[in-house]
Amino acid sequence: MKLTKLKQYLTTPNRCFVPKCRARCCANAPLPEDFLPKHQDKIQRQIFGGFNMGQNDPRDTYNSIIYSTRPIIFIGYDTNGKQIATISQEMIEELNIKSMEDVYNLLNEYEARKIYNYCPFIQRDARCSVYSERPPICREFGTEPGKINECPDKASRLDVYKFSVKLIYENLKETFKNFGKILTGKNSF
């Protein structure tokens, strides 16, 4: 019984851990409409357009915009389950799009290749460039019961431990390698 509890304690996803993060929670992020202009200097990804969705939550006192960091802005699904998307005229010409079928095919290709519409502030290593000033939707992630906002990539204590041991091993290996070069005279100061 104690072994089962220990195993559960070590393997239960429990915390955000950037080395494991895929930043899926930061895809299609509805940002307050005044947020992007205030943080222009911290934008990490090209923005192709945006969709003003109005109030994201009834408690909000502002409108939110989903910015597209992909050429096609996926808005959602209609009542028949068909994708709703928008694309600028420039992108239609640049991508040589002839029909809505081309748009849907491209959207499906993005999903298959895991090219998500990440927030413009997400860096390539999944870190947030505005983390200390992030908007309310990001601050509340994972805190509201009843909302589907649990991270599928949360790390367990065992994940963090394994990553830490691997990092220590790699650092020691590099240190001994450099030390060996100094001893053999292959490394000069």
# chains A, B, ... in the order shown; residues from 1 in each chain; ligands from 1

call {"tool": "residues_around", "arguments": {"residues": "Ile92 in chain A", "least_positions_apart": "4", "cutoff": "12 Å", "atoms": "only C-alpha atoms", "output": "JSON, numbers by chain"}}
result
{"A": [48, 71, 72, 86, 87, 88, 96, 97, 98, 99, 100, 102, 103, 106]}

call {"tool": "select_by_dssp", "arguments": {"residues": "range 12-189 of chain A", "states": "alpha helix (DSSP H)", "output": "count of residues only"}}
result
55

call {"tool": "closest_residue", "arguments": {"among": "A:Lys2, A:Arg127, A:Arg59, A:Lys7", "to": "Cys25 in chain A", "atoms": "only C-alpha atoms"}}
result
A:Arg127

call {"tool": "residues_around", "arguments": {"residues": "Glu133 in chain A", "least_positions_apart": "6", "cutoff": "10 Å", "atoms": "only C-alpha atoms", "output": "PyMOL selection string"}}
result
chain A and resi 35+39+139

call {"tool": "write_last_selection", "arguments": {"atoms": "N, CA and C atoms", "output": "mmCIF file, in the first residue's frame"}}
result
data_model
loop_
_atom_site.group_PDB
_atom_site.id
_atom_site.type_symbol
_atom_site.label_atom_id
_atom_site.label_comp_id
_atom_site.auth_asym_id
_atom_site.auth_seq_id
_atom_site.Cartn_x
_atom_site.Cartn_y
_atom_site.Cartn_z
ATOM 1 N N PHE A 35 -3.524 44.743 -24.615
ATOM 2 C CA PHE A 35 -2.313 44.088 -24.132
ATOM 3 C C PHE A 35 -1.178 44.123 -25.156
ATOM 4 N N HIS A 39 2.924 45.877 -25.135
ATOM 5 C CA HIS A 39 4.087 44.987 -25.051
ATOM 6 C C HIS A 39 4.678 44.678 -26.420
ATOM 7 N N ARG A 139 -2.803 34.113 -15.896
ATOM 8 C CA ARG A 139 -2.611 34.006 -14.443
ATOM 9 C C ARG A 139 -3.574 33.004 -13.819
#

call {"tool": "residues_around", "arguments": {"residues": "Asp60 in chain A", "least_positions_apart": "5", "cutoff": "10 Å", "atoms": "only C-alpha atoms", "output": "PDB file with C-alpha atoms, in the first residue's frame"}}
result
ATOM      1  CA  PRO A  32      -7.062  41.724 -23.725  1.00  0.00           C
ATOM      2  CA  GLY A  54     -15.610  40.353 -27.526  1.00  0.00           C
ATOM      3  CA  GLN A  55     -15.695  39.369 -23.870  1.00  0.00           C
ATOM      4  CA  PRO A 136      -5.529  37.546 -16.273  1.00  0.00           C
ATOM      5  CA  ILE A 137      -6.376  34.557 -18.509  1.00  0.00           C
TER       6      ILE A 137
END
